[in-house]
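Everything below belongs to upload_4.cif, which stores mmCIF, C-alpha atoms.
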```cif
data_structure
#
loop_
_atom_site.label_atom_id
_atom_site.label_comp_id
_atom_site.auth_asym_id
_atom_site.auth_seq_id
_atom_site.Cartn_x
_atom_site.Cartn_y
_atom_site.Cartn_z
CA MET A 1 105.01 86.75 135.57
CA GLY A 2 104.25 83.55 137.40
CA SER A 3 101.11 84.69 139.22
CA PRO A 4 97.98 82.70 138.41
CA ALA A 5 95.91 85.77 137.58
CA TYR A 6 95.99 89.51 137.98
CA ALA A 7 92.60 90.03 139.65
CA GLU A 8 92.55 89.63 143.40
CA GLY A 9 90.95 86.48 144.74
CA PRO A 10 89.82 84.29 146.23
CA PHE A 11 86.41 84.40 144.58
CA ARG A 12 83.19 82.78 145.70
CA ASN A 13 80.77 81.51 143.07
CA PRO A 14 77.80 83.91 143.09
CA ASP A 15 75.62 81.36 141.28
CA ASN A 16 75.46 79.39 144.52
CA LYS A 17 72.85 81.33 146.51
CA ASN A 18 73.48 79.34 149.68
CA LEU A 19 76.01 81.58 151.42
CA ASN A 20 76.53 79.00 154.16
CA ASP A 21 77.18 76.03 151.89
CA PRO A 22 80.24 74.25 153.33
CA GLY A 23 80.73 72.37 150.06
CA GLU A 24 81.29 75.50 147.98
CA GLY A 25 84.90 76.17 147.15
CA SER A 26 86.76 79.42 146.64
CA TYR A 27 88.59 80.11 143.41
CA PRO A 28 91.56 82.13 142.13
CA VAL A 29 89.37 83.42 139.26
CA PRO A 30 85.66 84.33 139.03
CA TYR A 31 84.18 80.83 138.73
CA LYS A 32 80.66 81.62 137.54
CA LYS A 33 78.52 81.61 134.44
CA PRO A 34 79.77 84.54 132.35
CA VAL A 35 77.46 87.55 132.05
CA VAL A 36 77.03 88.98 128.55
CA ALA A 37 77.09 92.57 129.80
CA ASP A 38 80.39 91.95 131.60
CA ILE A 39 82.00 90.40 128.53
CA THR A 40 80.73 93.22 126.33
CA ALA A 41 82.17 95.81 128.70
CA ALA A 42 85.54 94.03 128.63
CA LEU A 43 85.52 93.98 124.82
CA HIS A 44 84.79 97.71 124.76
CA ARG A 45 87.68 98.39 127.12
CA ILE A 46 90.00 96.56 124.74
CA ARG A 47 88.51 98.43 121.77
CA GLY A 48 89.05 101.75 123.51
CA PHE A 49 92.67 100.94 124.26
CA MET A 50 93.30 99.80 120.69
CA GLU A 51 91.78 103.02 119.33
CA THR A 52 94.28 105.14 121.23
CA ALA A 53 97.22 102.76 120.79
CA THR A 54 97.05 102.56 116.98
CA PRO A 55 97.37 106.01 115.42
CA THR A 56 96.94 106.39 111.66
CA ARG A 57 99.08 109.42 110.89
CA VAL A 58 102.17 110.20 108.84
CA VAL A 59 104.96 112.03 110.64
CA ASP A 60 108.55 113.11 110.08
CA LYS A 61 110.74 110.53 111.82
CA LYS A 62 113.36 113.21 112.63
CA THR A 63 111.06 115.77 114.22
CA GLY A 64 107.86 113.88 114.99
CA ALA A 65 105.89 116.65 113.30
CA PRO A 66 102.89 115.60 111.20
CA ILE A 67 103.39 115.58 107.45
CA LEU A 68 100.59 117.37 105.66
CA ASP A 69 101.97 117.81 102.16
CA PHE A 70 101.62 114.58 100.19
CA SER A 71 102.28 116.09 96.79
CA LYS A 72 105.93 114.96 96.78
CA PRO A 73 107.72 112.18 98.69
CA ASN A 74 109.74 112.90 101.81
CA ALA A 75 112.42 110.37 102.75
CA SER A 76 111.76 111.00 106.44
CA ALA A 77 108.03 110.26 106.25
CA ILE A 78 106.88 107.29 108.35
CA THR A 79 103.64 106.11 109.84
CA GLU A 80 103.45 107.32 113.42
CA ALA A 81 104.83 104.67 115.72
CA SER A 82 102.59 103.02 118.25
CA HIS A 83 103.89 101.62 121.53
CA SER A 84 106.36 98.76 121.28
CA ASP A 85 105.32 96.29 118.56
CA MET A 86 101.72 97.46 118.10
CA GLY A 87 102.20 98.30 114.45
CA ILE A 88 99.09 98.73 112.33
CA MET A 89 100.44 96.46 109.58
CA VAL A 90 101.93 93.60 111.61
CA TYR A 91 100.45 90.11 111.50
CA GLU A 92 99.08 90.36 115.04
CA MET A 93 96.87 93.25 113.91
CA GLY A 94 95.22 90.94 111.39
CA VAL A 95 93.96 88.91 114.36
CA VAL A 96 92.78 92.11 116.06
CA HIS A 97 90.63 92.87 113.02
CA ALA A 98 89.21 89.33 113.10
CA GLY A 99 88.26 89.97 116.72
CA MET A 100 86.66 93.30 115.87
CA TYR A 101 84.54 91.68 113.13
CA LYS A 102 83.33 89.04 115.56
CA ALA A 103 82.66 91.58 118.31
CA GLN A 104 80.50 93.69 115.98
CA GLU A 105 78.66 90.57 114.84
CA VAL A 106 77.63 89.54 118.34
CA THR A 107 77.04 92.98 119.85
CA GLY A 108 75.69 94.84 116.83
CA ASP A 109 77.97 97.73 117.77
CA LYS A 110 79.64 99.27 114.73
CA ARG A 111 82.32 100.96 116.85
CA PHE A 112 84.29 97.73 116.79
CA THR A 113 84.75 97.75 113.02
CA ASP A 114 85.19 101.51 112.89
CA LEU A 115 88.78 100.78 113.94
CA THR A 116 89.20 98.46 110.95
CA ALA A 117 87.69 101.03 108.61
CA ARG A 118 90.04 103.73 109.96
CA HIS A 119 93.12 101.55 109.47
CA PHE A 120 92.13 100.31 106.02
CA ASN A 121 91.11 103.76 104.76
CA PHE A 122 94.56 104.95 105.84
CA PHE A 123 96.16 102.13 103.85
CA ALA A 124 94.17 102.95 100.73
CA ASP A 125 94.82 106.68 101.06
CA LYS A 126 98.54 106.60 101.80
CA LEU A 127 99.78 103.60 99.80
CA PRO A 128 100.42 105.69 96.63
CA TYR A 129 102.50 108.16 98.64
CA PHE A 130 104.70 105.46 100.13
CA GLN A 131 104.99 103.80 96.71
CA ALA A 132 106.34 107.08 95.35
CA GLN A 133 108.65 107.38 98.37
CA GLU A 134 110.06 103.94 97.68
CA LYS A 135 110.51 104.62 93.98
CA GLN A 136 112.49 107.77 94.69
CA PHE A 137 114.50 106.86 97.80
CA LYS A 138 114.75 103.02 97.77
CA LEU A 139 114.26 102.73 101.54
CA GLU A 140 113.27 99.03 101.47
CA ARG A 141 112.51 97.90 105.06
CA ALA A 142 112.67 101.51 106.29
CA ASN A 143 109.59 102.28 104.22
CA SER A 144 106.57 102.15 106.53
CA PHE A 145 104.50 100.36 103.88
CA SER A 146 107.22 97.82 103.03
CA ARG A 147 105.09 94.84 104.11
CA PHE A 148 102.47 95.76 101.52
CA LEU A 149 104.87 96.96 98.82
CA ASP A 150 107.48 94.21 99.11
CA PRO A 151 106.44 91.31 101.39
CA ARG A 152 109.32 89.02 102.27
CA ALA A 153 107.76 86.51 104.65
CA LEU A 154 104.45 84.97 105.63
CA ASP A 155 104.49 87.26 108.65
CA ASP A 156 104.31 90.21 106.24
CA ALA A 157 101.53 88.81 104.12
CA GLY A 158 99.23 86.10 105.42
CA SER A 159 97.33 87.36 108.46
CA MET A 160 96.68 90.89 107.21
CA CYS A 161 95.78 89.53 103.78
CA ALA A 162 93.10 87.32 105.36
CA ALA A 163 91.83 90.29 107.40
CA MET A 164 91.51 92.43 104.27
CA MET A 165 89.61 89.73 102.39
CA ARG A 166 87.20 89.28 105.31
CA ALA A 167 86.65 93.03 105.50
CA ARG A 168 86.00 93.08 101.76
CA ALA A 169 83.38 90.33 102.12
CA LEU A 170 81.76 92.20 105.02
CA LYS A 171 81.93 95.53 103.14
CA ILE A 172 83.98 97.17 105.90
CA GLY A 173 86.24 99.98 104.70
CA PRO A 174 87.60 100.41 101.17
CA ASP A 175 88.33 97.72 98.61
CA LEU A 176 91.98 96.79 99.09
CA SER A 177 92.15 94.36 96.17
CA HIS A 178 95.51 95.76 95.04
CA ILE A 179 97.12 94.96 98.40
CA ILE A 180 95.34 91.61 98.57
CA ALA A 181 96.80 90.75 95.16
CA THR A 182 100.34 91.49 96.34
CA CYS A 183 100.17 89.67 99.67
CA GLY A 184 98.14 86.80 98.22
CA ASP A 185 100.72 86.29 95.49
CA TRP A 186 103.43 86.04 98.16
CA VAL A 187 101.58 83.35 100.09
CA VAL A 188 100.62 81.32 97.02
CA ASN A 189 103.69 81.67 94.83
CA LYS A 190 106.70 83.18 96.56
CA GLN A 191 106.99 81.81 100.11
CA PHE A 192 109.81 79.31 100.61
CA ARG A 193 108.43 75.76 100.82
CA LEU A 194 109.58 72.19 101.19
CA LYS A 195 109.61 70.12 98.02
CA ASP A 196 106.23 68.67 99.03
CA GLY A 197 104.71 72.17 99.15
CA THR A 198 104.73 72.65 102.94
CA MET A 199 105.26 76.27 104.00
CA ALA A 200 108.80 76.59 105.41
CA ARG A 201 111.42 79.11 106.53
CA GLU A 202 115.13 79.44 106.03
CA ARG A 203 115.71 80.16 109.73
CA PRO A 204 116.81 79.27 112.35
CA GLN A 205 118.25 76.47 110.20
CA ALA A 206 118.42 76.45 106.42
CA VAL A 207 115.19 74.46 106.16
CA SER A 208 112.79 74.84 109.08
CA LEU A 209 109.07 74.53 109.79
CA TRP A 210 107.22 76.66 112.33
CA ALA A 211 103.78 75.81 113.66
CA ASP A 212 103.12 79.57 113.64
CA ASP A 213 103.09 79.43 109.86
CA LEU A 214 99.88 77.47 109.85
CA TYR A 215 98.16 80.70 110.86
CA MET A 216 100.43 82.86 108.71
CA SER A 217 99.35 80.97 105.58
CA VAL A 218 96.25 78.78 105.92
CA PRO A 219 93.60 81.47 106.69
CA ALA A 220 94.86 83.56 103.76
CA LEU A 221 94.71 80.55 101.43
CA ALA A 222 91.23 79.74 102.70
CA GLU A 223 90.01 83.30 102.16
CA LEU A 224 91.57 83.36 98.69
CA GLY A 225 89.59 80.23 97.94
CA ARG A 226 86.38 81.82 99.18
CA MET A 227 87.00 85.11 97.36
CA SER A 228 88.06 83.61 94.04
CA GLY A 229 86.12 80.33 94.05
CA LYS A 230 89.32 78.55 93.03
CA ARG A 231 89.48 75.13 94.66
CA ALA A 232 93.26 75.06 94.29
CA HIS A 233 93.57 77.51 97.19
CA PHE A 234 91.45 75.28 99.41
CA ASP A 235 93.55 72.31 98.32
CA ASP A 236 96.74 74.17 99.28
CA ALA A 237 95.30 75.15 102.67
CA VAL A 238 94.25 71.59 103.48
CA LYS A 239 97.58 70.20 102.26
CA ASN A 240 99.47 72.55 104.55
CA VAL A 241 97.38 71.69 107.61
CA LEU A 242 97.81 67.97 107.08
CA GLN A 243 101.46 68.02 106.01
CA MET A 244 102.52 70.50 108.68
CA SER A 245 100.74 68.27 111.20
CA GLY A 246 102.67 65.31 109.85
CA TYR A 247 105.94 67.03 110.68
CA LEU A 248 105.00 68.81 113.92
CA PHE A 249 102.14 66.96 115.63
CA ASP A 250 103.34 64.52 118.27
CA LYS A 251 101.10 61.45 118.26
CA GLN A 252 101.89 60.59 121.88
CA THR A 253 101.22 63.97 123.52
CA LYS A 254 98.79 64.98 120.76
CA LEU A 255 100.32 68.45 120.79
CA TYR A 256 102.30 70.49 118.27
CA THR A 257 105.99 70.99 118.82
CA HIS A 258 106.96 74.55 117.98
CA GLY A 259 109.22 73.75 115.05
CA TRP A 260 111.17 71.24 112.99
CA ASN A 261 114.58 71.49 111.35
CA ALA A 262 115.30 69.33 108.33
CA ASN A 263 118.88 68.77 109.49
CA ASN A 264 117.83 67.49 112.93
CA THR A 265 114.56 65.62 112.58
CA ASP A 266 114.85 63.75 115.88
CA ALA A 267 115.34 66.86 118.03
CA PRO A 268 113.52 67.21 121.38
CA HIS A 269 110.01 68.59 121.21
CA PHE A 270 109.03 71.90 122.85
CA TYR A 271 105.29 72.33 123.20
CA TRP A 272 105.01 76.10 123.24
CA ALA A 273 101.42 77.09 123.95
CA ARG A 274 101.04 79.86 121.38
CA ALA A 275 102.29 77.57 118.61
CA ASN A 276 99.42 75.24 119.47
CA GLY A 277 97.11 78.24 119.54
CA TRP A 278 98.12 79.22 116.02
CA ALA A 279 97.51 75.62 114.91
CA VAL A 280 93.96 75.31 116.24
CA MET A 281 93.06 78.83 115.10
CA SER A 282 94.19 78.03 111.57
CA MET A 283 92.16 74.82 111.44
CA SER A 284 89.11 76.63 112.80
CA ASP A 285 89.44 79.46 110.27
CA LEU A 286 89.83 76.95 107.44
CA LEU A 287 86.78 74.92 108.44
CA ASP A 288 84.73 78.11 108.53
CA VAL A 289 85.05 78.54 104.75
CA LEU A 290 86.14 75.13 103.43
CA PRO A 291 83.37 73.53 101.36
CA LYS A 292 81.96 70.61 103.34
CA ASP A 293 82.24 68.37 100.30
CA HIS A 294 85.99 68.94 100.09
CA PRO A 295 87.76 65.61 100.70
CA GLY A 296 90.03 67.28 103.26
CA TYR A 297 87.18 68.59 105.41
CA PRO A 298 86.79 65.49 107.62
CA GLN A 299 90.56 65.15 107.96
CA VAL A 300 91.03 68.73 109.15
CA LEU A 301 88.06 68.39 111.50
CA ALA A 302 89.47 65.17 112.96
CA GLN A 303 92.86 66.81 113.50
CA LEU A 304 91.22 69.77 115.26
CA ARG A 305 89.16 67.52 117.52
CA THR A 306 92.18 65.44 118.51
CA THR A 307 94.22 68.54 119.34
CA LEU A 308 91.45 70.22 121.32
CA LYS A 309 90.96 67.14 123.47
CA SER A 310 94.63 67.13 124.42
CA ILE A 311 94.68 70.88 125.05
CA GLY A 312 91.55 70.65 127.19
CA GLU A 313 93.18 68.05 129.41
CA ARG A 314 96.05 70.45 130.12
CA GLN A 315 94.01 73.42 131.37
CA SER A 316 95.29 74.73 134.71
CA GLY A 317 93.31 75.32 137.88
CA THR A 318 92.96 78.99 136.94
CA GLY A 319 91.35 78.26 133.57
CA LEU A 320 94.48 79.48 131.80
CA TRP A 321 97.16 77.40 130.09
CA HIS A 322 100.89 77.27 130.73
CA GLN A 323 103.53 78.80 128.46
CA MET A 324 104.82 75.27 127.85
CA LEU A 325 101.72 73.11 127.70
CA ASP A 326 103.34 70.06 129.26
CA ARG A 327 105.22 71.96 131.99
CA ASN A 328 103.10 73.10 134.94
CA ASP A 329 106.00 75.07 136.41
CA SER A 330 106.08 77.40 133.39
CA TYR A 331 104.04 80.56 133.72
CA LEU A 332 100.39 80.97 132.76
CA GLU A 333 100.22 82.71 129.40
CA THR A 334 97.40 84.87 128.04
CA SER A 335 97.52 84.83 124.23
CA ALA A 336 97.48 81.05 123.87
CA SER A 337 94.79 80.76 126.54
CA ALA A 338 92.65 83.23 124.58
CA MET A 339 93.18 81.29 121.36
CA PHE A 340 92.09 78.09 123.07
CA VAL A 341 89.00 79.68 124.65
CA TYR A 342 87.98 81.07 121.28
CA VAL A 343 88.41 77.82 119.39
CA PHE A 344 86.67 75.73 122.07
CA ALA A 345 83.68 78.09 122.09
CA HIS A 346 83.61 78.44 118.31
CA ALA A 347 83.89 74.71 117.70
CA ILE A 348 80.92 74.16 120.03
CA ASN A 349 78.87 76.85 118.32
CA GLN A 350 79.70 75.36 114.91
CA GLY A 351 78.74 71.87 116.04
CA TRP A 352 82.24 70.47 115.58
CA ILE A 353 82.62 69.33 119.19
CA SER A 354 80.13 68.56 121.93
CA PRO A 355 79.17 71.26 124.42
CA THR A 356 79.31 68.58 127.11
CA THR A 357 82.58 69.14 129.02
CA TYR A 358 84.02 71.42 126.35
CA GLY A 359 81.50 74.14 127.20
CA SER A 360 82.67 74.15 130.79
CA ILE A 361 86.31 74.21 129.65
CA ALA A 362 85.60 77.29 127.51
CA GLN A 363 83.75 78.95 130.38
CA ALA A 364 86.55 78.23 132.86
CA GLY A 365 89.04 79.56 130.33
CA TRP A 366 87.11 82.81 130.03
CA ALA A 367 87.05 83.08 133.84
CA GLY A 368 90.84 83.07 133.86
CA LEU A 369 91.18 85.23 130.77
CA SER A 370 88.84 87.91 132.12
CA THR A 371 91.26 88.58 134.98
CA ARG A 372 93.93 89.58 132.49
CA ILE A 373 91.98 92.50 130.99
CA ASN A 374 92.82 95.52 133.11
CA ASP A 375 90.81 98.69 133.66
CA LYS A 376 92.64 100.45 130.81
CA GLY A 377 91.64 97.74 128.35
CA GLN A 378 95.15 96.35 128.21
CA VAL A 379 95.57 92.59 127.95
CA GLU A 380 98.21 91.51 130.44
CA GLY A 381 100.36 88.40 130.72
CA THR A 382 101.07 87.90 127.01
CA CYS A 383 104.38 86.42 125.94
CA VAL A 384 106.26 88.79 123.63
CA GLY A 385 107.42 87.76 120.16
CA THR A 386 109.19 84.40 120.33
CA THR A 387 111.42 82.65 117.83
CA PHE A 388 111.66 78.89 117.27
CA ALA A 389 114.26 77.86 119.85
CA SER A 390 115.93 74.66 120.99
CA ASP A 391 115.97 74.93 124.78
CA GLN A 392 113.40 75.25 127.56
CA VAL A 393 115.26 78.07 129.34
CA TYR A 394 114.51 80.44 126.46
CA TYR A 395 110.79 79.65 126.39
CA TYR A 396 110.39 79.68 130.17
CA ASN A 397 111.90 83.13 130.49
CA ARG A 398 110.30 85.02 127.63
CA PRO A 399 108.97 88.28 129.09
CA THR A 400 105.30 89.19 129.15
CA SER A 401 104.00 92.65 128.30
CA PRO A 402 100.67 94.49 128.03
CA PHE A 403 102.08 95.86 124.78
CA ALA A 404 102.51 92.41 123.23
CA LEU A 405 99.86 92.65 120.53
CA HIS A 406 99.50 88.86 120.26
CA GLY A 407 97.01 88.83 123.16
CA TYR A 408 94.52 91.39 121.90
CA GLY A 409 92.93 89.80 118.84
CA PRO A 410 92.52 86.37 120.45
CA THR A 411 90.96 87.91 123.57
CA LEU A 412 88.47 89.85 121.44
CA LEU A 413 87.65 86.65 119.57
CA ALA A 414 87.31 84.66 122.79
CA GLY A 415 84.96 87.16 124.43
CA ALA A 416 82.78 87.53 121.37
CA GLU A 417 82.50 83.77 120.86
CA MET A 418 81.67 83.28 124.55
CA ILE A 419 78.74 85.66 124.10
CA LYS A 420 77.56 83.48 121.21
CA LEU A 421 77.99 80.37 123.34
CA ILE A 422 76.01 81.78 126.27
CA ASN A 423 73.24 82.84 123.87
CA ASN A 424 73.33 79.61 121.85
CA PRO A 425 69.67 78.52 121.64
CA ASP A 426 70.64 74.86 121.28
CA ILE A 427 72.45 74.71 124.62
CA GLU A 428 71.22 74.97 128.18
CA VAL A 429 73.78 75.85 130.86
CA GLN A 430 72.90 74.14 134.14
CA HIS A 431 74.47 75.03 137.48
CA LYS A 432 74.23 71.80 139.44
CA VAL A 433 76.21 70.50 142.42
CA ARG A 434 78.38 73.62 142.44
CA THR A 435 79.60 73.31 138.84
CA TYR A 436 78.39 73.80 135.26
CA HIS A 437 76.99 71.46 132.68
CA TYR A 438 76.48 72.52 129.06
CA MET A 439 73.50 70.46 127.98
CA PRO A 440 72.50 70.04 124.33
CA LYS A 441 68.79 70.72 124.00
CA GLY A 442 66.92 67.46 123.66
CA ALA A 443 69.76 65.38 125.13
CA GLY A 444 67.51 63.72 127.69
CA GLN A 445 66.20 64.50 131.15
CA THR A 446 68.68 64.58 134.02
CA ASN A 447 67.76 63.60 137.57
CA TYR A 448 69.19 65.30 140.67
CA ARG A 449 66.52 64.01 143.03
CA GLU A 450 69.05 62.67 145.55
CA HIS A 451 70.36 66.22 146.00
CA HIS A 452 67.00 67.62 147.11
#
```
I'd like the structure from this file rewritten - as structure tokens, please.
Amino acid sequence: MGSPAYAEGPFRNPDNKNLNDPGEGSYPVPYKKPVVADITAALHRIRGFMETATPTRVVDKKTGAPILDFSKPNASAITEASHSDMGIMVYEMGVVHAGMYKAQEVTGDKRFTDLTARHFNFFADKLPYFQAQEKQFKLERANSFSRFLDPRALDDAGSMCAAMMRARALKIGPDLSHIIATCGDWVVNKQFRLKDGTMARERPQAVSLWADDLYMSVPALAELGRMSGKRAHFDDAVKNVLQMSGYLFDKQTKLYTHGWNANNTDAPHFYWARANGWAVMSMSDLLDVLPKDHPGYPQVLAQLRTTLKSIGERQSGTGLWHQMLDRNDSYLETSASAMFVYVFAHAINQGWISPTTYGSIAQAGWAGLSTRINDKGQVEGTCVGTTFASDQVYYYNRPTSPFALHGYGPTLLAGAEMIKLINNPDIEVQHKVRTYHYMPKGAGQTNYREHH
């Protein structure tokens, strides 16, 4: 769990053609300019694993036999289980679909979104059956479609709702407007909030905020705004980014603490990496669709830039980031690292941050991240599901698992966005003095004469 990377090093930089250069270092990860073909191959390995790991079948939970007769409900009918927590309706799968959309966009390979189409066609086809099952047997949470029939938390509604709206805009799979309406209504109208409208939870204390909920709510609100044209949804998304940041963003460390309890507002801060990943992902997703004339646009952009600078400064010597961002003795964690790589690369490609320095940070991050994609297409080193806790021992000792779905979508996003960054026509990547410089085109002529 504490190893710096899973690939065997040390690695020599192949971009330095002088094999006898005494000034060239060796690295624990492949320190080199990423190769598009290599990234594409890694994305396909992940896609292949996800295809086999996410069945879309209905089976009898008692016997495991497939159910073929859908003319009348069966109380034992469930969607076939995938390994561990790799459910096809969980919030982490919404991020997987986002990664698949991006991977198809940059590679032109429709096989990436074929997975989305398969999942969403299954939802459209089988929802009426599970509605009838619920009406007859009142299974509640034991109903496999309970998240879509009766959402009870942002985790049930927000991420998958955003994924469905994006698929609808891209014309991938069937129109799931009926599910979008249900999950969108939960996010907008039914989720527990503070009196000021900030998304909140009633656990682990009676009134609590989680940084995770930025991602569980803001992208869905943003996509509702794009789909409907209603500015109120954009207003709500911006309000939640700024107000959640007011409660959770530490102005000294410039990082997000994982959570906040209303009954203990001066509690110690715990800077869990994935919480910060959810925060920067949500701001990035919002800026992608927020009208540039919205008064909150520059505020959200400023908050994203401030956070990315602080995160960039905490990158480890493997390119990955630690489970607790401010604690270098905590293990190196994959899902948050992938989120950061994606947002750094995406923010550069969108022109939100400069490629200078940040391009190299994204590249180094991908170098570390690439070592965590094994030959089977599994993403290793991802922290399993984690609650908002109040002690470091809990966070430090959360297990990692290749079946923790949190790592898959962000790694797909990171790889796809790195391909865009490498191919970005406005940026030149220079390998000079044994390192990399991402140069904006037209930024001025550099001079390395003293090195020749």
*Between atom CA of Val59 of chain A and atom CA of Gln133 of chain A, measure the distance and give it in Å to one decimal.*
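Atom CA of Val59 of chain A sits 13.6 Å away from atom CA of Gln133 of chain A.
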So which residues touch Arg434 of chain A within 12 Å, counting only C-alpha atoms, skipping near sequence neighbours fewer than 6 positions away, as a CSV table (one decimal) with C-alpha atoms, in the frame of the given file?
```
chain,number,residue,atom,x,y,z
A,12,ARG,CA,83.2,82.8,145.7
A,13,ASN,CA,80.8,81.5,143.1
A,14,PRO,CA,77.8,83.9,143.1
A,15,ASP,CA,75.6,81.4,141.3
A,16,ASN,CA,75.5,79.4,144.5
A,17,LYS,CA,72.8,81.3,146.5
A,18,ASN,CA,73.5,79.3,149.7
A,21,ASP,CA,77.2,76.0,151.9
A,22,PRO,CA,80.2,74.2,153.3
A,23,GLY,CA,80.7,72.4,150.1
A,24,GLU,CA,81.3,75.5,148.0
A,25,GLY,CA,84.9,76.2,147.2
A,26,SER,CA,86.8,79.4,146.6
A,31,TYR,CA,84.2,80.8,138.7
A,32,LYS,CA,80.7,81.6,137.5
A,33,LYS,CA,78.5,81.6,134.4
A,451,HIS,CA,70.4,66.2,146.0
```
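Among A:Ser146, A:Thr40, A:Thr63, A:Asn121, the residue with the shortest atom-to-atom distance to Val90 of chain A, counting all atoms listed in the file, is A:Ser146.
Interatomic distance, atom CA of His97 of chain A against atom CA of Ala367 of chain A: 23.3 Å.
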*Evaluate the PyMOL selection byres ((chain A and resi 275) around 8) and record the selected residues as a PyMOL selection string, following the chain and residue labels used in the document.*
chain A and resi 211-212+256-258+271-274+276-279+336
Env of Arg47 of chain A: 10 Å cut, atoms = all atoms listed in the file, seq-sep filter 3 positions within chain, self excluded. Answer as a PDB file with C-alpha atoms, in the frame of the given file.
```pdb
ATOM      1  CA  ALA A  41      82.170  95.810 128.700  1.00  0.00           C
ATOM      2  CA  ALA A  42      85.540  94.030 128.630  1.00  0.00           C
ATOM      3  CA  LEU A  43      85.520  93.980 124.820  1.00  0.00           C
ATOM      4  CA  HIS A  44      84.790  97.710 124.760  1.00  0.00           C
ATOM      5  CA  MET A  50      93.300  99.800 120.690  1.00  0.00           C
ATOM      6  CA  GLU A  51      91.780 103.020 119.330  1.00  0.00           C
ATOM      7  CA  THR A  52      94.280 105.140 121.230  1.00  0.00           C
ATOM      8  CA  ALA A  53      97.220 102.760 120.790  1.00  0.00           C
ATOM      9  CA  VAL A  96      92.780  92.110 116.060  1.00  0.00           C
ATOM     10  CA  GLY A  99      88.260  89.970 116.720  1.00  0.00           C
ATOM     11  CA  MET A 100      86.660  93.300 115.870  1.00  0.00           C
ATOM     12  CA  ALA A 103      82.660  91.580 118.310  1.00  0.00           C
ATOM     13  CA  ARG A 111      82.320 100.960 116.850  1.00  0.00           C
ATOM     14  CA  PHE A 112      84.290  97.730 116.790  1.00  0.00           C
ATOM     15  CA  THR A 113      84.750  97.750 113.020  1.00  0.00           C
ATOM     16  CA  ASP A 114      85.190 101.510 112.890  1.00  0.00           C
ATOM     17  CA  LEU A 115      88.780 100.780 113.940  1.00  0.00           C
ATOM     18  CA  GLY A 377      91.640  97.740 128.350  1.00  0.00           C
ATOM     19  CA  GLN A 378      95.150  96.350 128.210  1.00  0.00           C
ATOM     20  CA  TYR A 408      94.520  91.390 121.900  1.00  0.00           C
ATOM     21  CA  LEU A 412      88.470  89.850 121.440  1.00  0.00           C
TER      22      LEU A 412
END
```
_Once the PyMOL selection byres ((chain A and resi 188) around 9) is applied to the coordinates I shared, what remains selected? I want it as a ChimeraX atom specification._
/A:183-187,189-191,217,221,233,236
*Work out how far atom CA of Ala347 of chain A is from atom CA of Leu332 of chain A, in Å to one decimal.*
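For atom CA of Leu332 of chain A relative to atom CA of Ala347 of chain A, the distance reads 23.2 Å.
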*Smallest atom-to-atom distance to Ser82 of chain A: which of A:Pro55, A:Pro291, A:Gly108, A:Gly64, using all atoms listed in the file?*
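Comparing A:Pro55, A:Pro291, A:Gly108, A:Gly64 against Ser82 of chain A, the winner is A:Pro55.
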_Within 12 Å of Glu140 of chain A using all atoms listed in the file, minus same-chain residues under 2 positions, as a list in words_ =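 Listed by chain and then number, they are Ala75, Phe130, Gln131, Gln133, Glu134, Lys135, Gln136, Phe137, Lys138, Ala142, Asn143, Ser144, Phe145, Ser146, Arg147, Phe148, Leu149, Asp150, Pro151 and Arg152 of chain A.
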*Written as a PyMOL selection string, which residues does the PyMOL selection byres ((chain A and resi 162) around 12) give for the file shown?*
chain A and resi 91-98+154-161+163-169+176-177+179-181+183-184+187+215-227+282+285-286+289
*asked:* Let me make sure I understand: among A:Gly359, A:Pro295, A:Gly381, A:Pro399, which one has the smallest atom-to-atom distance to Ala338 of chain A if we use all atoms listed in the file?
replied: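 Ranking A:Gly359, A:Pro295, A:Gly381, A:Pro399 by distance to Ala338 of chain A, first place goes to A:Gly381.
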Reconstructed segment 191-197 of chain A, atom set N, CA and C atoms, as a PDB file, in the frame of the given file:
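Generated file (rebuild-v2.pdb):
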```pdb
ATOM      1  N   GLN A 191     106.466  82.278  98.824  1.00  0.00           N
ATOM      2  CA  GLN A 191     106.990  81.810 100.110  1.00  0.00           C
ATOM      3  C   GLN A 191     107.831  80.549  99.921  1.00  0.00           C
ATOM      4  N   PHE A 192     108.949  80.498 100.618  1.00  0.00           N
ATOM      5  CA  PHE A 192     109.810  79.310 100.610  1.00  0.00           C
ATOM      6  C   PHE A 192     109.024  78.105 101.122  1.00  0.00           C
ATOM      7  N   ARG A 193     109.151  76.973 100.443  1.00  0.00           N
ATOM      8  CA  ARG A 193     108.430  75.760 100.820  1.00  0.00           C
ATOM      9  C   ARG A 193     109.360  74.551 100.741  1.00  0.00           C
ATOM     10  N   LEU A 194     108.942  73.481 101.417  1.00  0.00           N
ATOM     11  CA  LEU A 194     109.580  72.190 101.190  1.00  0.00           C
ATOM     12  C   LEU A 194     109.215  71.686  99.799  1.00  0.00           C
ATOM     13  N   LYS A 195     109.905  70.664  99.344  1.00  0.00           N
ATOM     14  CA  LYS A 195     109.610  70.120  98.020  1.00  0.00           C
ATOM     15  C   LYS A 195     108.189  69.590  97.913  1.00  0.00           C
ATOM     16  N   ASP A 196     107.606  69.181  99.067  1.00  0.00           N
ATOM     17  CA  ASP A 196     106.230  68.670  99.030  1.00  0.00           C
ATOM     18  C   ASP A 196     105.194  69.784  99.130  1.00  0.00           C
ATOM     19  N   GLY A 197     105.638  71.040  99.135  1.00  0.00           N
ATOM     20  CA  GLY A 197     104.710  72.170  99.150  1.00  0.00           C
ATOM     21  C   GLY A 197     104.387  72.719 100.529  1.00  0.00           C
TER      22      GLY A 197
END
```
